[in-house]
>>> print(open('protein_18.pdb').read())   # PDB, C-alpha atoms
ATOM      1  CA  MET W   1     -15.000  32.177  -5.526  1.00  0.00           C
ATOM      2  CA  ARG W   2     -18.330  33.799  -4.645  1.00  0.00           C
ATOM      3  CA  SER W   3     -20.376  31.554  -6.968  1.00  0.00           C
ATOM      4  CA  SER W   4     -18.749  28.503  -5.407  1.00  0.00           C
ATOM      5  CA  ARG W   5     -20.008  29.596  -1.958  1.00  0.00           C
ATOM      6  CA  VAL W   6     -23.449  30.284  -3.398  1.00  0.00           C
ATOM      7  CA  CYS W   7     -23.604  26.767  -4.806  1.00  0.00           C
ATOM      8  CA  GLU W   8     -22.318  25.370  -1.539  1.00  0.00           C
ATOM      9  CA  TRP W   9     -24.999  27.142   0.531  1.00  0.00           C
ATOM     10  CA  THR W  10     -27.739  26.354  -1.982  1.00  0.00           C
ATOM     11  CA  LEU W  11     -26.831  22.685  -1.797  1.00  0.00           C
ATOM     12  CA  ALA W  12     -26.761  22.785   2.003  1.00  0.00           C
ATOM     13  CA  ALA W  13     -30.151  24.506   2.163  1.00  0.00           C
ATOM     14  CA  SER W  14     -31.606  22.015  -0.310  1.00  0.00           C
ATOM     15  CA  LEU W  15     -30.362  19.073   1.695  1.00  0.00           C
ATOM     16  CA  ILE W  16     -31.729  20.527   4.918  1.00  0.00           C
ATOM     17  CA  ALA W  17     -35.170  21.196   3.457  1.00  0.00           C
ATOM     18  CA  CYS W  18     -35.380  17.804   1.779  1.00  0.00           C
ATOM     19  CA  GLY W  19     -33.950  16.021   4.818  1.00  0.00           C
ATOM     20  CA  ILE W  20     -36.732  17.272   7.054  1.00  0.00           C
ATOM     21  CA  GLY W  21     -39.356  15.713   4.841  1.00  0.00           C
ATOM     22  CA  LEU W  22     -37.483  12.578   3.936  1.00  0.00           C
ATOM     23  CA  ALA W  23     -35.903  11.602   7.254  1.00  0.00           C
ATOM     24  CA  VAL W  24     -38.947   9.956   8.812  1.00  0.00           C
ATOM     25  CA  PRO W  25     -40.224   7.977   5.806  1.00  0.00           C
ATOM     26  CA  ALA W  26     -36.730   6.758   4.904  1.00  0.00           C
ATOM     27  CA  ALA W  27     -35.918   5.571   8.406  1.00  0.00           C
ATOM     28  CA  ALA W  28     -39.337   4.123   9.057  1.00  0.00           C
ATOM     29  CA  SER W  29     -39.434   2.082   5.861  1.00  0.00           C
ATOM     30  CA  ALA W  30     -36.306   0.087   6.563  1.00  0.00           C
ATOM     31  CA  ASP W  31     -35.983  -3.250   4.786  1.00  0.00           C
ATOM     32  CA  THR W  32     -37.107  -6.085   7.058  1.00  0.00           C
ATOM     33  CA  THR W  33     -36.163  -8.991   4.796  1.00  0.00           C
ATOM     34  CA  GLN W  34     -33.789 -11.558   6.270  1.00  0.00           C
ATOM     35  CA  THR W  35     -30.350 -12.187   4.824  1.00  0.00           C
ATOM     36  CA  ASP W  36     -28.909 -15.550   3.809  1.00  0.00           C
ATOM     37  CA  SER W  37     -26.210 -15.446   6.477  1.00  0.00           C
ATOM     38  CA  PRO W  38     -25.844 -18.528   8.705  1.00  0.00           C
ATOM     39  CA  SER W  39     -27.600 -18.694  12.029  1.00  0.00           C
ATOM     40  CA  PRO W  40     -25.424 -17.527  14.948  1.00  0.00           C
ATOM     41  CA  GLY W  41     -26.679 -20.240  17.250  1.00  0.00           C
ATOM     42  CA  ALA W  42     -29.267 -22.954  17.680  1.00  0.00           C
ATOM     43  CA  GLY W  43     -32.779 -21.509  17.632  1.00  0.00           C
ATOM     44  CA  ALA W  44     -31.633 -17.931  16.996  1.00  0.00           C
ATOM     45  CA  PRO W  45     -32.938 -16.209  13.886  1.00  0.00           C
ATOM     46  CA  PRO W  46     -30.409 -15.047  11.326  1.00  0.00           C
ATOM     47  CA  PRO W  47     -29.547 -11.361  11.436  1.00  0.00           C
ATOM     48  CA  THR W  48     -31.670  -9.014   9.353  1.00  0.00           C
ATOM     49  CA  ALA W  49     -31.034  -5.677   7.749  1.00  0.00           C
ATOM     50  CA  PHE W  50     -33.404  -4.280  10.365  1.00  0.00           C
ATOM     51  CA  THR W  51     -34.953  -6.005  13.352  1.00  0.00           C
ATOM     52  CA  ALA W  52     -37.835  -4.219  15.045  1.00  0.00           C
ATOM     53  CA  ILE W  53     -37.930  -4.270  18.819  1.00  0.00           C
ATOM     54  CA  THR W  54     -41.697  -4.631  18.628  1.00  0.00           C
ATOM     55  CA  THR W  55     -43.079  -6.564  15.693  1.00  0.00           C
ATOM     56  CA  ALA W  56     -46.704  -5.631  16.261  1.00  0.00           C
ATOM     57  CA  GLU W  57     -47.472  -2.021  15.450  1.00  0.00           C
ATOM     58  CA  THR W  58     -49.899  -0.569  17.963  1.00  0.00           C
ATOM     59  CA  PRO W  59     -52.640   1.793  16.773  1.00  0.00           C
ATOM     60  CA  ALA W  60     -51.152   4.608  18.900  1.00  0.00           C
ATOM     61  CA  VAL W  61     -47.711   4.238  17.304  1.00  0.00           C
ATOM     62  CA  ALA W  62     -49.172   3.906  13.810  1.00  0.00           C
ATOM     63  CA  ASP W  63     -51.348   7.002  14.173  1.00  0.00           C
ATOM     64  CA  ALA W  64     -48.678   9.148  15.825  1.00  0.00           C
ATOM     65  CA  CYS W  65     -45.951   8.181  13.367  1.00  0.00           C
ATOM     66  CA  ARG W  66     -48.186   8.849  10.351  1.00  0.00           C
ATOM     67  CA  GLN W  67     -49.241  12.177  11.824  1.00  0.00           C
ATOM     68  CA  PHE W  68     -45.620  13.131  12.543  1.00  0.00           C
ATOM     69  CA  SER W  69     -44.564  12.121   9.039  1.00  0.00           C
ATOM     70  CA  ALA W  70     -47.231  14.424   7.592  1.00  0.00           C
ATOM     71  CA  ALA W  71     -46.036  17.251   9.862  1.00  0.00           C
ATOM     72  CA  THR W  72     -42.414  16.950   8.737  1.00  0.00           C
ATOM     73  CA  SER W  73     -43.405  16.770   5.082  1.00  0.00           C
ATOM     74  CA  TYR W  74     -45.476  19.923   5.479  1.00  0.00           C
ATOM     75  CA  ALA W  75     -42.661  21.691   7.349  1.00  0.00           C
ATOM     76  CA  ALA W  76     -40.154  20.795   4.643  1.00  0.00           C
ATOM     77  CA  ALA W  77     -42.413  21.992   1.841  1.00  0.00           C
ATOM     78  CA  SER W  78     -43.120  25.249   3.674  1.00  0.00           C
ATOM     79  CA  TYR W  79     -39.494  25.963   4.647  1.00  0.00           C
ATOM     80  CA  GLU W  80     -37.870  24.985   1.348  1.00  0.00           C
ATOM     81  CA  ASP W  81     -38.338  28.300  -0.490  1.00  0.00           C
ATOM     82  CA  PHE W  82     -37.037  30.250   2.505  1.00  0.00           C
ATOM     83  CA  ALA W  83     -33.974  28.000   2.618  1.00  0.00           C
ATOM     84  CA  TYR W  84     -33.317  28.657  -1.078  1.00  0.00           C
ATOM     85  CA  ALA W  85     -33.911  32.407  -0.705  1.00  0.00           C
ATOM     86  CA  THR W  86     -31.390  32.663   2.132  1.00  0.00           C
ATOM     87  CA  ALA W  87     -28.772  30.262   0.763  1.00  0.00           C
ATOM     88  CA  GLY W  88     -25.324  31.388  -0.250  1.00  0.00           C
ATOM     89  CA  THR W  89     -24.975  34.482   1.898  1.00  0.00           C
ATOM     90  CA  GLY W  90     -23.143  33.005   4.887  1.00  0.00           C
ATOM     91  CA  ASN W  91     -24.366  34.326   8.187  1.00  0.00           C
ATOM     92  CA  PHE W  92     -25.961  37.395   6.553  1.00  0.00           C
ATOM     93  CA  VAL W  93     -29.634  37.026   5.637  1.00  0.00           C
ATOM     94  CA  ASN W  94     -31.196  39.897   3.697  1.00  0.00           C
ATOM     95  CA  TYR W  95     -34.571  40.021   5.408  1.00  0.00           C
ATOM     96  CA  GLY W  96     -35.362  43.134   3.341  1.00  0.00           C
ATOM     97  CA  ASP W  97     -35.406  41.065   0.131  1.00  0.00           C
ATOM     98  CA  PRO W  98     -39.027  40.515  -1.011  1.00  0.00           C
ATOM     99  CA  ASP W  99     -38.316  36.842  -1.803  1.00  0.00           C
ATOM    100  CA  VAL W 100     -36.939  36.276   1.696  1.00  0.00           C
ATOM    101  CA  GLN W 101     -39.913  38.112   3.229  1.00  0.00           C
ATOM    102  CA  SER W 102     -42.604  36.184   1.354  1.00  0.00           C
ATOM    103  CA  SER W 103     -40.926  32.786   1.669  1.00  0.00           C
ATOM    104  CA  GLY W 104     -40.290  33.545   5.342  1.00  0.00           C
ATOM    105  CA  GLN W 105     -43.995  34.161   5.918  1.00  0.00           C
ATOM    106  CA  VAL W 106     -44.898  30.895   4.216  1.00  0.00           C
ATOM    107  CA  GLY W 107     -42.141  29.062   6.101  1.00  0.00           C
ATOM    108  CA  ARG W 108     -43.220  30.398   9.502  1.00  0.00           C
ATOM    109  CA  ALA W 109     -46.897  29.611   8.856  1.00  0.00           C
ATOM    110  CA  GLY W 110     -45.988  26.084   7.759  1.00  0.00           C
ATOM    111  CA  LEU W 111     -43.732  25.537  10.753  1.00  0.00           C
ATOM    112  CA  GLU W 112     -46.483  26.696  13.129  1.00  0.00           C
ATOM    113  CA  LYS W 113     -48.909  24.123  11.693  1.00  0.00           C
ATOM    114  CA  ALA W 114     -46.269  21.394  11.632  1.00  0.00           C
ATOM    115  CA  ILE W 115     -45.329  22.086  15.262  1.00  0.00           C
ATOM    116  CA  ALA W 116     -48.972  21.839  16.337  1.00  0.00           C
ATOM    117  CA  THR W 117     -49.393  18.583  14.416  1.00  0.00           C
ATOM    118  CA  ALA W 118     -46.181  17.087  15.825  1.00  0.00           C
ATOM    119  CA  MET W 119     -47.130  18.065  19.375  1.00  0.00           C
ATOM    120  CA  SER W 120     -50.543  16.492  18.863  1.00  0.00           C
ATOM    121  CA  ALA W 121     -48.863  13.321  17.570  1.00  0.00           C
ATOM    122  CA  SER W 122     -46.555  13.171  20.589  1.00  0.00           C
ATOM    123  CA  GLY W 123     -49.569  13.379  22.897  1.00  0.00           C
ATOM    124  CA  THR W 124     -51.355  10.407  21.332  1.00  0.00           C
ATOM    125  CA  PRO W 125     -52.832   8.293  24.145  1.00  0.00           C
ATOM    126  CA  GLY W 126     -50.885   5.061  24.561  1.00  0.00           C
ATOM    127  CA  LEU W 127     -47.819   6.315  22.677  1.00  0.00           C
ATOM    128  CA  PRO W 128     -44.629   4.944  24.246  1.00  0.00           C
ATOM    129  CA  PRO W 129     -42.332   7.608  25.739  1.00  0.00           C
ATOM    130  CA  ASP W 130     -39.437   6.506  23.514  1.00  0.00           C
ATOM    131  CA  VAL W 131     -41.504   7.598  20.497  1.00  0.00           C
ATOM    132  CA  ALA W 132     -43.040  10.710  22.052  1.00  0.00           C
ATOM    133  CA  ALA W 133     -39.725  12.128  23.337  1.00  0.00           C
ATOM    134  CA  PRO W 134     -38.031  12.653  19.931  1.00  0.00           C
ATOM    135  CA  MET W 135     -41.302  14.081  18.579  1.00  0.00           C
ATOM    136  CA  ASN W 136     -41.251  16.623  21.407  1.00  0.00           C
ATOM    137  CA  SER W 137     -37.593  17.358  20.712  1.00  0.00           C
ATOM    138  CA  TRP W 138     -38.393  17.970  17.028  1.00  0.00           C
ATOM    139  CA  SER W 139     -41.215  20.307  18.055  1.00  0.00           C
ATOM    140  CA  MET W 140     -38.873  22.282  20.305  1.00  0.00           C
ATOM    141  CA  SER W 141     -36.245  22.547  17.550  1.00  0.00           C
ATOM    142  CA  ALA W 142     -38.923  23.651  15.080  1.00  0.00           C
ATOM    143  CA  THR W 143     -40.116  26.264  17.586  1.00  0.00           C
ATOM    144  CA  LYS W 144     -36.529  27.482  17.905  1.00  0.00           C
ATOM    145  CA  LEU W 145     -36.268  27.737  14.102  1.00  0.00           C
ATOM    146  CA  LEU W 146     -39.554  29.641  14.007  1.00  0.00           C
ATOM    147  CA  ALA W 147     -38.262  32.090  16.624  1.00  0.00           C
ATOM    148  CA  ILE W 148     -34.958  32.568  14.779  1.00  0.00           C
ATOM    149  CA  MET W 149     -36.854  33.368  11.594  1.00  0.00           C
ATOM    150  CA  ALA W 150     -39.137  35.796  13.453  1.00  0.00           C
ATOM    151  CA  VAL W 151     -36.257  37.759  14.997  1.00  0.00           C
ATOM    152  CA  HIS W 152     -34.286  37.704  11.711  1.00  0.00           C
ATOM    153  CA  GLY W 153     -31.485  35.473  12.936  1.00  0.00           C
ATOM    154  CA  GLY W 154     -28.347  34.768  10.934  1.00  0.00           C
ATOM    155  CA  GLY W 155     -27.831  32.052   8.355  1.00  0.00           C
ATOM    156  CA  ASP W 156     -25.452  30.027  10.497  1.00  0.00           C
ATOM    157  CA  LEU W 157     -27.994  29.763  13.303  1.00  0.00           C
ATOM    158  CA  LEU W 158     -30.778  28.919  10.836  1.00  0.00           C
ATOM    159  CA  ASN W 159     -28.645  26.149   9.322  1.00  0.00           C
ATOM    160  CA  SER W 160     -27.555  24.629  12.640  1.00  0.00           C
ATOM    161  CA  THR W 161     -31.156  24.610  13.889  1.00  0.00           C
ATOM    162  CA  ALA W 162     -32.363  23.016  10.644  1.00  0.00           C
ATOM    163  CA  ASN W 163     -29.664  20.361  11.123  1.00  0.00           C
ATOM    164  CA  ASP W 164     -31.035  19.755  14.637  1.00  0.00           C
ATOM    165  CA  LEU W 165     -34.493  19.277  13.086  1.00  0.00           C
ATOM    166  CA  ASN W 166     -33.095  16.696  10.685  1.00  0.00           C
ATOM    167  CA  THR W 167     -31.467  14.820  13.556  1.00  0.00           C
ATOM    168  CA  ASP W 168     -34.688  14.889  15.592  1.00  0.00           C
ATOM    169  CA  ALA W 169     -36.736  13.698  12.600  1.00  0.00           C
ATOM    170  CA  HIS W 170     -34.278  10.857  12.057  1.00  0.00           C
ATOM    171  CA  ASN W 171     -34.569   9.877  15.717  1.00  0.00           C
ATOM    172  CA  VAL W 172     -38.365   9.840  15.427  1.00  0.00           C
ATOM    173  CA  GLY W 173     -38.082   7.598  12.390  1.00  0.00           C
ATOM    174  CA  LEU W 174     -35.856   5.180  14.285  1.00  0.00           C
ATOM    175  CA  ALA W 175     -38.221   5.174  17.286  1.00  0.00           C
ATOM    176  CA  CYS W 176     -41.234   4.565  15.062  1.00  0.00           C
ATOM    177  CA  ALA W 177     -39.470   1.741  13.246  1.00  0.00           C
ATOM    178  CA  ALA W 178     -38.273   0.201  16.517  1.00  0.00           C
ATOM    179  CA  ASN W 179     -41.907   0.091  17.614  1.00  0.00           C
ATOM    180  CA  GLY W 180     -43.050  -1.653  14.471  1.00  0.00           C
ATOM    181  CA  SER W 181     -44.292   1.337  12.496  1.00  0.00           C
ATOM    182  CA  ARG W 182     -43.714   1.749   8.805  1.00  0.00           C
ATOM    183  CA  ALA W 183     -45.243   5.246   8.697  1.00  0.00           C
TER
END
>>> encode(input="protein_18.pdb", output="structure tokens")
Amino acid sequence: MRSSRVCEWTLAASLIACGIGLAVPAAASADTTQTDSPSPGAGAPPPTAFTAITTAETPAVADACRQFSAATSYAAASYEDFAYATAGTGNFVNYGDPDVQSSGQVGRAGLEKAIATAMSASGTPGLPPDVAAPMNSWSMSATKLLAIMAVHGGGDLLNSTANDLNTDAHNVGLACAANGSRA
């Protein structure tokens, strides 16, 4: 029974860590090819798998979305070992374990840099508010995760905050794609 929970938590931690890094590129690289379905009306284009709200990517959106994508990739790479080291123990996290301590230091340092990069991206001059807002939300969730790690919070809180990060990253990806970015 115990090994089943360990596998369950390891899988959850893996998905969280990978999701942070993969959420933005996957959402932002949506397929824009048109389907062969009939036109719904005269002069209307056929539906597509994805239709951008803005077809022309502005330099501000392109730069900010690329910068944010790099931040989330860095955060995921930095946090991944900590997620593995703390997986499978439920709400208890053994912060006295040397693996948890060292991976926690790397994870916190990576999150700090990723937060700074994401905040910088969200402040890009000319960036539409609908793109900047989810970037700011991601930064706040990442700051919350950083604080939870620093005060040795429980596994359940770490996992729910990491899930919030994944949701925020997904929302950034959608906002970037809706504004024509493929970053």
>>> atom_distance(input="protein_18.pdb", atom1="atom CA of W:Val106", atom2="atom CA of W:Arg182")
29.5 Å
>>> resolve_selection(input="protein_18.pdb", expression="the PyMOL selection byres ((chain W and resi 141-153) around 12)", output="MDAnalysis selection string")
chainID W and resid 20 71:72 75:76 78:79 82:83 86 90:96 100:101 103:119 134:140 154:169
>>> atom_distance(input="protein_18.pdb", atom1="atom CA of W:Tyr74", atom2="atom CA of W:Ala60")
21.1 Å
>>> atom_distance(input="protein_18.pdb", atom1="atom CA of W:Asp99", atom2="atom CA of W:Ala87")
11.9 Å
>>> closest_residue(input="protein_18.pdb", among="W:Ser102, W:Thr89, W:Thr124, W:Asn171", to="W:Thr58", atoms="all atoms listed in the file")
W:Thr124
>>> resolve_selection(input="protein_18.pdb", expression="the PyMOL selection byres ((chain W and resi 130) around 12)", output="ChimeraX atom specification")
/W:53,61,122,126-129,131-137,171-179
